[in-house]
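Peer 1: Pasting a structure here, questions to come.
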Protein chains: 2
Amino acid sequence: MGWRAVDRAELTSTAQNAEAPDYLLEDQVGHLLRRAHQRHTSIFQANIGDQQLTPLQFAALMKLADVGEASQNHLGRLTAMDAATMQGVIKRLIARDLIARRPDPDDRRRLLLTLTTEGVALVDKATARGHEISDQTLGPLAPADRQAFLKLLRRLTD
Amino acid sequence: MGWRAVDRAELTSTAQNAEAPDYLLEDQVGHLLRRAHQRHTSIFQANIGDQQLTPLQFAALMKLADVGEASQNHLGRLTAMDAATMQGVIKRLIARDLIARRPDPDDRRRLLLTLTTEGVALVDKATARGHEISDQTLGPLAPADRQAFLKLLRRLTD
DNA sequence: CCCCAATTGTTCGTACACGAACGATGGTCG
DNA sequence: CGACCATCGTTCGTGTACGAACAATTGGGG
């Protein structure tokens with residue numbers, strides 16, 4: 001959808017350096033990670049279906065279904081979002097009645113988050129979509145390469 | 001810096017499902033790509049030095065140094081940014097006198113971008129930093145694994 | 001018990017990311 | 001030539017991302 005492949009036909013069009021430059025953007029990990037993430041987001045939007053869910057909103061819902069109940073900061077750590085980002089994600093999910101927020105009786109600083117009935121229903125319906133999205137993202141890799149890739153990728157996240 | 005590892009001590013704290021859930025966020029490619037990209041951004045900010053440059057601004061400068069001259073949309077395709085994102089990146093680089101913009105005499109729709117003297121000087125000084133950042137990002141992988149990882153990652157970007 | 005450092009949630013400001021719509025220009029084809 | 005469609009740059013709106021500062025609350029050490 002939004003994602004566009006780099007136009008390779010243009011790569012050598014206006015080159016001023018005939019020799020190889022000492023820094024090639026398309027060989028850098030950061031650039032490749034960014035493009036792979038762009039492609040994944042595009043696949044996500046095309047497959048999540050009618051529900052208007054972003055990858056972060058989906059991640060928050062799925063993690064909340066996993067742990068049952070969590071404070072905002074806790075859920076943020078579990079999904080790798082900082083407190084400020086969490087604000088917006090939570091706000092939009094609450095506005096759609098997919099999650100509910102109540103004060104923690106044991107700690108007046110905290111707000112406990114849970115899925116609503118509607119949220120549980122959406123999670124049940126969207127779980128298969130999630131796996132489908134992961135499959136399509138890894139689609140270009142041979143089945144044998146996928147586990148190896150995930151193992152290496154996971155090392156770059158700790 | 002901004003990036004935080006998922007707190008593994010909290011992963012099982014409030015679990016309501018004793019059995020394994022059917023969708024584990026931390027095993028999904030999209031989540032891992034996002035976290036790896038977060039970590040890379042953090043490494044970038046810590047190593048780019050005194051210059052206040054973001055990864056996208058750095059990419060635009062480096063690509064422009066590579067091709068010499070390009071229109072906004074062309075440079076956007078070469079760096080995988082859409083036209084709207086390019087607006088902000090270009091605006092900030094022009095405000096800092098790192099790049100210059102002039103109308104294309106052959107096509108009145110286009111604006112040609114080039115590095116200024118100051119921009120060339122910054123690129124020369126920052127190139128080594130760029131390689132250092134890529135090395136640190138791949139740091140957790142054994143040297144033999146790095147090429148294999150990049151090869152697989154590149155397949156997920158086309 | 002009181003002070004103090006840490007944690008929680010919130011807001012502000014800046015910077016990507018991209019769909020969508022727009023006016024201006026360019027090339028093409030009948 | 002003229003209708004037509006693609007491309008260029010721009011703007012608007014929504015949604016991440018995150019540093020920084022803030023008030024309220026908690027827990028621990030002296």
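By convention in this document, the chains of the structure tokens carry letters A, B, ... by their order, each chain's residues are numbered from 1, and ligands are numbered from 1 in the order they are shown.
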Please run DSSP on the backbone and report, as an MDAnalysis selection string, all residues within chain A that come out as alpha helix (DSSP H).
Peer 2: chainID A and resid 29:47 55:67 72:79 83:95 117:137 143:155
Peer 1: Which parts of region 3-154 of chain A does DSSP call strand (DSSP E) when run on the backbone here, written out as JSON, numbers by chain?
Peer 2: {"A": [70, 71, 99, 100, 101, 102, 103, 111, 112, 113, 114, 115]}
Peer 1: Residues of chain D within 8 Å of chain B: nearest atom pair and distance (Å, one decimal) for each, counting only C-alpha atoms (C1' of nucleotides), sorted by chain and number, as JSON lines?
Peer 2:
```
{"residue": "D:DC8", "atom": "C1'", "partner": "B:Arg109", "partner_atom": "CA", "distance": 5.1}
{"residue": "D:DG9", "atom": "C1'", "partner": "B:Arg109", "partner_atom": "CA", "distance": 7.2}
{"residue": "D:DC18", "atom": "C1'", "partner": "B:Gly2", "partner_atom": "CA", "distance": 6.4}
{"residue": "D:DG19", "atom": "C1'", "partner": "B:Gly2", "partner_atom": "CA", "distance": 7.6}
```
Peer 1: Could you list, as a ChimeraX atom specification, the residues of chain A having an atom within 8 Å of chain B when counting only C-alpha atoms?
Peer 2: /A:4-7,10-12,14-17,21-25,28-30,32-37,39-41,59,62-63,66-70,74,77-80,127,130-131,134,137-138,140-141,145,149-150,152-158
Peer 1: Could I have chain B as an mmCIF file with C-alpha atoms, in the first residue's frame after it is superimposed on chain A by least squares, pairing all C-alpha atoms in sequence order?
Peer 2:
```cif
data_model
loop_
_atom_site.group_PDB
_atom_site.id
_atom_site.type_symbol
_atom_site.label_atom_id
_atom_site.label_comp_id
_atom_site.auth_asym_id
_atom_site.auth_seq_id
_atom_site.Cartn_x
_atom_site.Cartn_y
_atom_site.Cartn_z
ATOM 1 C CA MET B 1 0.006 0.248 -0.136
ATOM 2 C CA GLY B 2 2.156 2.970 1.369
ATOM 3 C CA TRP B 3 5.370 1.103 0.931
ATOM 4 C CA ARG B 4 7.431 1.550 -2.203
ATOM 5 C CA ALA B 5 10.476 -0.389 -3.333
ATOM 6 C CA VAL B 6 13.553 1.683 -4.125
ATOM 7 C CA ASP B 7 13.560 2.374 -7.835
ATOM 8 C CA ARG B 8 16.686 0.557 -8.917
ATOM 9 C CA ALA B 9 16.478 2.023 -12.416
ATOM 10 C CA GLU B 10 17.276 5.400 -10.872
ATOM 11 C CA LEU B 11 20.191 4.273 -8.757
ATOM 12 C CA THR B 12 22.852 5.131 -11.315
ATOM 13 C CA SER B 13 21.053 7.869 -13.201
ATOM 14 C CA THR B 14 22.658 11.015 -11.842
ATOM 15 C CA ALA B 15 25.709 9.521 -10.157
ATOM 16 C CA GLN B 16 28.511 12.022 -9.797
ATOM 17 C CA ASN B 17 30.898 9.512 -8.289
ATOM 18 C CA ALA B 18 31.869 6.925 -10.869
ATOM 19 C CA GLU B 19 33.927 5.044 -8.247
ATOM 20 C CA ALA B 20 32.200 3.202 -5.425
ATOM 21 C CA PRO B 21 31.327 5.616 -2.604
ATOM 22 C CA ASP B 22 32.729 4.829 0.834
ATOM 23 C CA TYR B 23 29.249 4.702 2.403
ATOM 24 C CA LEU B 24 26.491 2.838 0.596
ATOM 25 C CA LEU B 25 23.151 3.520 2.232
ATOM 26 C CA GLU B 26 21.470 0.398 0.878
ATOM 27 C CA ASP B 27 24.075 -1.823 2.570
ATOM 28 C CA GLN B 28 23.610 -0.415 6.091
ATOM 29 C CA VAL B 29 21.725 -2.459 8.697
ATOM 30 C CA GLY B 30 19.740 0.515 9.906
ATOM 31 C CA HIS B 31 18.395 1.289 6.464
ATOM 32 C CA LEU B 32 17.521 -2.355 5.820
ATOM 33 C CA LEU B 33 15.799 -2.665 9.203
ATOM 34 C CA ARG B 34 13.784 0.454 8.450
ATOM 35 C CA ARG B 35 12.721 -0.807 5.018
ATOM 36 C CA ALA B 36 11.846 -4.264 6.328
ATOM 37 C CA HIS B 37 9.743 -2.628 9.032
ATOM 38 C CA GLN B 38 8.024 -0.442 6.410
ATOM 39 C CA ARG B 39 7.193 -3.519 4.347
ATOM 40 C CA HIS B 40 5.828 -5.318 7.401
ATOM 41 C CA THR B 41 3.603 -2.353 8.268
ATOM 42 C CA SER B 42 2.255 -2.344 4.730
ATOM 43 C CA ILE B 43 1.489 -6.088 4.917
ATOM 44 C CA PHE B 44 -0.167 -5.525 8.293
ATOM 45 C CA GLN B 45 -2.503 -2.831 7.009
ATOM 46 C CA ALA B 46 -3.462 -4.956 4.002
ATOM 47 C CA ASN B 47 -4.300 -8.014 6.111
ATOM 48 C CA ILE B 48 -5.738 -6.784 9.389
ATOM 49 C CA GLY B 49 -9.094 -6.554 7.646
ATOM 50 C CA ASP B 50 -12.032 -4.326 8.331
ATOM 51 C CA GLN B 51 -10.968 -3.472 11.896
ATOM 52 C CA GLN B 52 -9.020 -0.222 11.885
ATOM 53 C CA LEU B 53 -6.064 -1.354 13.981
ATOM 54 C CA THR B 54 -2.441 -0.223 13.876
ATOM 55 C CA PRO B 55 0.438 -2.604 14.658
ATOM 56 C CA LEU B 56 0.958 -0.973 18.073
ATOM 57 C CA GLN B 57 -2.726 -1.121 18.994
ATOM 58 C CA PHE B 58 -2.786 -4.774 17.942
ATOM 59 C CA ALA B 59 0.330 -5.518 20.026
ATOM 60 C CA ALA B 60 -1.180 -3.869 23.106
ATOM 61 C CA LEU B 61 -4.431 -5.832 22.753
ATOM 62 C CA MET B 62 -2.633 -9.146 22.226
ATOM 63 C CA LYS B 63 -0.299 -8.619 25.186
ATOM 64 C CA LEU B 64 -3.188 -7.608 27.388
ATOM 65 C CA ALA B 65 -5.043 -10.774 26.384
ATOM 66 C CA ASP B 66 -1.886 -12.668 27.324
ATOM 67 C CA VAL B 67 -1.314 -11.211 30.800
ATOM 68 C CA GLY B 68 -4.938 -10.425 31.646
ATOM 69 C CA GLU B 69 -4.329 -7.188 33.525
ATOM 70 C CA ALA B 70 -1.521 -4.642 33.669
ATOM 71 C CA SER B 71 -0.761 -1.020 34.518
ATOM 72 C CA GLN B 72 0.059 1.335 31.643
ATOM 73 C CA ASN B 73 3.797 1.408 32.284
ATOM 74 C CA HIS B 74 3.905 -2.351 32.775
ATOM 75 C CA LEU B 75 2.094 -3.003 29.500
ATOM 76 C CA GLY B 76 4.411 -0.484 27.877
ATOM 77 C CA ARG B 77 7.460 -2.448 28.954
ATOM 78 C CA LEU B 78 5.915 -5.695 27.747
ATOM 79 C CA THR B 79 5.253 -4.197 24.306
ATOM 80 C CA ALA B 80 8.381 -1.991 24.080
ATOM 81 C CA MET B 81 6.539 1.336 24.105
ATOM 82 C CA ASP B 82 7.532 4.234 26.333
ATOM 83 C CA ALA B 83 5.018 5.903 28.649
ATOM 84 C CA ALA B 84 4.385 8.838 26.315
ATOM 85 C CA THR B 85 3.652 6.625 23.297
ATOM 86 C CA MET B 86 1.450 4.414 25.447
ATOM 87 C CA GLN B 87 -0.738 7.432 26.244
ATOM 88 C CA GLY B 88 -1.973 7.771 22.675
ATOM 89 C CA VAL B 89 -2.357 4.044 22.038
ATOM 90 C CA ILE B 90 -4.365 3.520 25.230
ATOM 91 C CA LYS B 91 -6.500 6.592 24.612
ATOM 92 C CA ARG B 92 -7.585 5.363 21.185
ATOM 93 C CA LEU B 93 -8.309 1.817 22.391
ATOM 94 C CA ILE B 94 -10.409 3.152 25.293
ATOM 95 C CA ALA B 95 -12.297 5.471 22.924
ATOM 96 C CA ARG B 96 -13.264 2.377 20.926
ATOM 97 C CA ASP B 97 -14.267 0.421 24.047
ATOM 98 C CA LEU B 98 -11.716 -2.286 23.386
ATOM 99 C CA ILE B 99 -9.996 -1.868 26.760
ATOM 100 C CA ALA B 100 -11.083 -0.479 30.131
ATOM 101 C CA ARG B 101 -9.102 1.420 32.772
ATOM 102 C CA ARG B 102 -9.655 1.374 36.536
ATOM 103 C CA PRO B 103 -7.604 2.605 39.503
ATOM 104 C CA ASP B 104 -5.419 0.078 41.300
ATOM 105 C CA PRO B 105 -6.812 -0.256 44.868
ATOM 106 C CA ASP B 106 -3.344 -1.150 46.184
ATOM 107 C CA ASP B 107 -1.395 1.681 44.506
ATOM 108 C CA ARG B 108 -3.072 4.986 43.822
ATOM 109 C CA ARG B 109 -0.484 5.911 41.175
ATOM 110 C CA ARG B 110 -1.461 3.022 38.930
ATOM 111 C CA LEU B 111 -4.283 2.528 36.429
ATOM 112 C CA LEU B 112 -5.093 -1.095 35.670
ATOM 113 C CA LEU B 113 -5.972 -2.016 32.087
ATOM 114 C CA THR B 114 -8.168 -4.932 31.012
ATOM 115 C CA LEU B 115 -9.838 -6.060 27.787
ATOM 116 C CA THR B 116 -13.552 -5.354 27.470
ATOM 117 C CA THR B 117 -15.952 -8.027 26.170
ATOM 118 C CA GLU B 118 -15.693 -6.348 22.803
ATOM 119 C CA GLY B 119 -11.899 -6.362 23.079
ATOM 120 C CA VAL B 120 -11.821 -10.094 23.858
ATOM 121 C CA ALA B 121 -14.057 -10.777 20.848
ATOM 122 C CA LEU B 122 -11.779 -8.777 18.569
ATOM 123 C CA VAL B 123 -8.660 -10.551 19.855
ATOM 124 C CA ASP B 124 -10.274 -13.943 19.212
ATOM 125 C CA LYS B 125 -11.157 -12.937 15.673
ATOM 126 C CA ALA B 126 -7.837 -11.251 14.852
ATOM 127 C CA THR B 127 -5.371 -13.827 16.187
ATOM 128 C CA ALA B 128 -5.397 -15.844 12.965
ATOM 129 C CA ARG B 129 -4.762 -12.616 11.036
ATOM 130 C CA GLY B 130 -1.716 -11.969 13.172
ATOM 131 C CA HIS B 131 -0.143 -15.288 12.242
ATOM 132 C CA GLU B 132 -1.017 -14.716 8.596
ATOM 133 C CA ILE B 133 0.737 -11.332 8.703
ATOM 134 C CA SER B 134 3.888 -12.843 10.200
ATOM 135 C CA ASP B 135 3.865 -15.558 7.522
ATOM 136 C CA GLN B 136 3.541 -13.061 4.692
ATOM 137 C CA THR B 137 6.292 -10.884 6.133
ATOM 138 C CA LEU B 138 8.647 -13.880 6.146
ATOM 139 C CA GLY B 139 7.301 -14.981 2.770
ATOM 140 C CA PRO B 140 10.432 -14.198 0.729
ATOM 141 C CA LEU B 141 12.511 -16.533 2.912
ATOM 142 C CA ALA B 142 12.702 -20.286 2.438
ATOM 143 C CA PRO B 143 11.034 -22.107 5.354
ATOM 144 C CA ALA B 144 14.415 -23.384 6.527
ATOM 145 C CA ASP B 145 15.813 -19.833 6.635
ATOM 146 C CA ARG B 146 13.003 -18.333 8.711
ATOM 147 C CA GLN B 147 13.991 -19.769 12.071
ATOM 148 C CA ALA B 148 17.641 -18.872 11.475
ATOM 149 C CA PHE B 149 16.664 -15.312 10.599
ATOM 150 C CA LEU B 150 14.445 -14.892 13.652
ATOM 151 C CA LYS B 151 17.176 -16.238 15.902
ATOM 152 C CA LEU B 152 19.697 -13.704 14.588
ATOM 153 C CA LEU B 153 17.165 -10.869 14.624
ATOM 154 C CA ARG B 154 16.257 -11.565 18.244
ATOM 155 C CA ARG B 155 19.893 -11.055 19.250
ATOM 156 C CA LEU B 156 19.710 -7.493 17.912
ATOM 157 C CA THR B 157 16.861 -6.563 20.247
ATOM 158 C CA ASP B 158 18.279 -7.221 23.717
#
```
Peer 1: Give as JSON, numbers by chain every residue of chain C that touches chain B within 9 Å, counting only C-alpha atoms (C1' of nucleotides).
Peer 2: {"C": [15, 16, 17, 18, 24, 25, 26]}
Peer 1: Could you write those residues out with N, CA, C and O atoms (P, O5', C5', C4', C3', O3' and C1' of nucleotides), as a PDB file, in the first residue's frame?
Peer 2:
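The resulting again.pdb:
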```pdb
ATOM      1  P    DA C  15      12.966  18.964  14.917  1.00  0.00           P
ATOM      2  O5'  DA C  15      12.693  17.485  14.392  1.00  0.00           O
ATOM      3  C5'  DA C  15      13.347  16.410  15.025  1.00  0.00           C
ATOM      4  C4'  DA C  15      12.723  15.110  14.591  1.00  0.00           C
ATOM      5  C3'  DA C  15      12.426  15.011  13.089  1.00  0.00           C
ATOM      6  O3'  DA C  15      12.971  13.807  12.620  1.00  0.00           O
ATOM      7  C1'  DA C  15      10.565  14.319  14.338  1.00  0.00           C
ATOM      8  P    DC C  16      13.278  13.552  11.042  1.00  0.00           P
ATOM      9  O5'  DC C  16      11.913  12.890  10.554  1.00  0.00           O
ATOM     10  C5'  DC C  16      11.972  11.670   9.849  1.00  0.00           C
ATOM     11  C4'  DC C  16      11.420  10.567  10.713  1.00  0.00           C
ATOM     12  C3'  DC C  16      10.690   9.493   9.921  1.00  0.00           C
ATOM     13  O3'  DC C  16      10.913   8.238  10.527  1.00  0.00           O
ATOM     14  C1'  DC C  16       9.204  10.470  11.457  1.00  0.00           C
ATOM     15  P    DA C  17      10.779   6.915   9.517  1.00  0.00           P
ATOM     16  O5'  DA C  17       9.278   6.972   8.972  1.00  0.00           O
ATOM     17  C5'  DA C  17       8.357   6.036   9.468  1.00  0.00           C
ATOM     18  C4'  DA C  17       6.989   6.326   8.910  1.00  0.00           C
ATOM     19  C3'  DA C  17       6.873   6.427   7.385  1.00  0.00           C
ATOM     20  O3'  DA C  17       6.373   5.188   6.939  1.00  0.00           O
ATOM     21  C1'  DA C  17       5.409   7.911   8.550  1.00  0.00           C
ATOM     22  P    DC C  18       6.196   4.866   5.369  1.00  0.00           P
ATOM     23  O5'  DC C  18       4.723   5.395   5.040  1.00  0.00           O
ATOM     24  C5'  DC C  18       3.624   4.842   5.725  1.00  0.00           C
ATOM     25  C4'  DC C  18       2.411   5.690   5.452  1.00  0.00           C
ATOM     26  C3'  DC C  18       2.258   6.083   3.967  1.00  0.00           C
ATOM     27  O3'  DC C  18       0.919   5.900   3.617  1.00  0.00           O
ATOM     28  C1'  DC C  18       1.973   7.925   5.302  1.00  0.00           C
ATOM     29  P    DA C  24      -2.724  26.642  -9.906  1.00  0.00           P
ATOM     30  O5'  DA C  24      -1.413  25.957 -10.497  1.00  0.00           O
ATOM     31  C5'  DA C  24      -0.182  26.175  -9.834  1.00  0.00           C
ATOM     32  C4'  DA C  24       0.904  25.334 -10.484  1.00  0.00           C
ATOM     33  C3'  DA C  24       1.015  25.526 -12.007  1.00  0.00           C
ATOM     34  O3'  DA C  24       2.352  25.860 -12.326  1.00  0.00           O
ATOM     35  C1'  DA C  24       0.890  23.219 -11.458  1.00  0.00           C
ATOM     36  P    DT C  25       2.735  26.299 -13.834  1.00  0.00           P
ATOM     37  O5'  DT C  25       3.353  24.963 -14.447  1.00  0.00           O
ATOM     38  C5'  DT C  25       4.466  24.380 -13.812  1.00  0.00           C
ATOM     39  C4'  DT C  25       4.614  22.957 -14.287  1.00  0.00           C
ATOM     40  C3'  DT C  25       4.932  22.792 -15.774  1.00  0.00           C
ATOM     41  O3'  DT C  25       6.280  22.397 -15.880  1.00  0.00           O
ATOM     42  C1'  DT C  25       3.411  21.151 -14.949  1.00  0.00           C
ATOM     43  P    DG C  26       6.983  22.355 -17.326  1.00  0.00           P
ATOM     44  O5'  DG C  26       6.727  20.851 -17.794  1.00  0.00           O
ATOM     45  C5'  DG C  26       7.362  19.796 -17.090  1.00  0.00           C
ATOM     46  C4'  DG C  26       6.854  18.459 -17.597  1.00  0.00           C
ATOM     47  C3'  DG C  26       6.975  18.282 -19.106  1.00  0.00           C
ATOM     48  O3'  DG C  26       7.952  17.281 -19.375  1.00  0.00           O
ATOM     49  C1'  DG C  26       4.821  17.598 -18.284  1.00  0.00           C
TER      50       DG C  26
END
```
Peer 1: As a ChimeraX atom specification, please: the residues near DC22 (chain D) (cut-off 12 Å, only C-alpha atoms (C1' of nucleotides), same-chain neighbours under 6 positions excluded).
Peer 2: /C:8-12
Peer 1: Write out as a ChimeraX atom specification each polymer residue whose atoms come within 12 Å of DG2 (chain D), counting only C-alpha atoms (C1' of nucleotides); drop sequence neighbours fewer than 3 positions from it.
Peer 2: /C:28-30
Peer 1: Just the selected residues (all heavy atoms), exported as a compact mmCIF listing (two decimals), in the first residue's frame, please.
Peer 2:
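To be explicit, this is the file written out as part37.txt:
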```txt
# COMPACT_ATOMS: atom_id res chain seq x y z
P DT C 28 6.40 11.23 -24.28
OP1 DT C 28 7.47 10.21 -24.22
OP2 DT C 28 6.46 12.35 -25.26
O5' DT C 28 5.00 10.51 -24.50
C5' DT C 28 4.12 10.31 -23.40
C4' DT C 28 2.73 9.91 -23.92
O4' DT C 28 1.81 11.03 -23.74
C3' DT C 28 2.65 9.54 -25.39
O3' DT C 28 1.70 8.51 -25.55
C2' DT C 28 2.19 10.83 -26.04
C1' DT C 28 1.21 11.34 -24.98
N1 DT C 28 0.97 12.80 -25.00
C2 DT C 28 -0.31 13.27 -24.77
O2 DT C 28 -1.25 12.54 -24.57
N3 DT C 28 -0.43 14.64 -24.80
C4 DT C 28 0.58 15.57 -25.02
O4 DT C 28 0.35 16.77 -25.03
C5 DT C 28 1.88 15.01 -25.26
C7 DT C 28 3.06 15.91 -25.53
C6 DT C 28 2.02 13.66 -25.24
P DC C 29 1.75 7.56 -26.92
OP1 DC C 29 2.60 6.40 -26.66
OP2 DC C 29 2.05 8.45 -28.06
O5' DC C 29 0.23 7.09 -27.06
C5' DC C 29 -0.75 7.61 -26.15
C4' DC C 29 -1.95 8.13 -26.92
O4' DC C 29 -1.97 9.58 -26.85
C3' DC C 29 -1.97 7.79 -28.42
O3' DC C 29 -3.29 7.44 -28.79
C2' DC C 29 -1.51 9.08 -29.08
C1' DC C 29 -2.17 10.11 -28.13
N1 DC C 29 -1.56 11.47 -28.20
C2 DC C 29 -2.33 12.59 -27.86
O2 DC C 29 -3.51 12.43 -27.51
N3 DC C 29 -1.76 13.82 -27.91
C4 DC C 29 -0.49 13.95 -28.29
N4 DC C 29 0.03 15.18 -28.32
C5 DC C 29 0.31 12.82 -28.64
C6 DC C 29 -0.27 11.62 -28.59
P DG C 30 -3.56 6.71 -30.21
OP1 DG C 30 -3.84 5.28 -29.93
OP2 DG C 30 -2.47 7.06 -31.16
O5' DG C 30 -4.91 7.40 -30.72
C5' DG C 30 -6.03 7.50 -29.86
C4' DG C 30 -6.79 8.78 -30.15
O4' DG C 30 -5.91 9.92 -29.97
C3' DG C 30 -7.34 8.89 -31.58
O3' DG C 30 -8.65 9.40 -31.54
C2' DG C 30 -6.39 9.88 -32.25
C1' DG C 30 -6.00 10.77 -31.10
N9 DG C 30 -4.68 11.42 -31.25
C8 DG C 30 -3.50 10.79 -31.54
N7 DG C 30 -2.48 11.61 -31.62
C5 DG C 30 -3.04 12.87 -31.37
C6 DG C 30 -2.41 14.13 -31.32
O6 DG C 30 -1.23 14.42 -31.49
N1 DG C 30 -3.34 15.13 -31.03
C2 DG C 30 -4.68 14.93 -30.82
N2 DG C 30 -5.41 16.01 -30.55
N3 DG C 30 -5.27 13.74 -30.86
C4 DG C 30 -4.39 12.76 -31.14
```
Peer 1: So the first atom is C1' of DT26 (chain D) and the second is C1' of DA6 (chain C); what is the distance between them in Å, to one decimal place?
Peer 2: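 C1' of DA6 (chain C) lies at a distance of 8.4 Å from C1' of DT26 (chain D).
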Peer 1: Please compute the C1' of DA20 (chain D)-C1' of DC2 (chain C) distance, one decimal, in Å.
Peer 2: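 For C1' of DA20 (chain D) relative to C1' of DC2 (chain C), the distance reads 29.6 Å.
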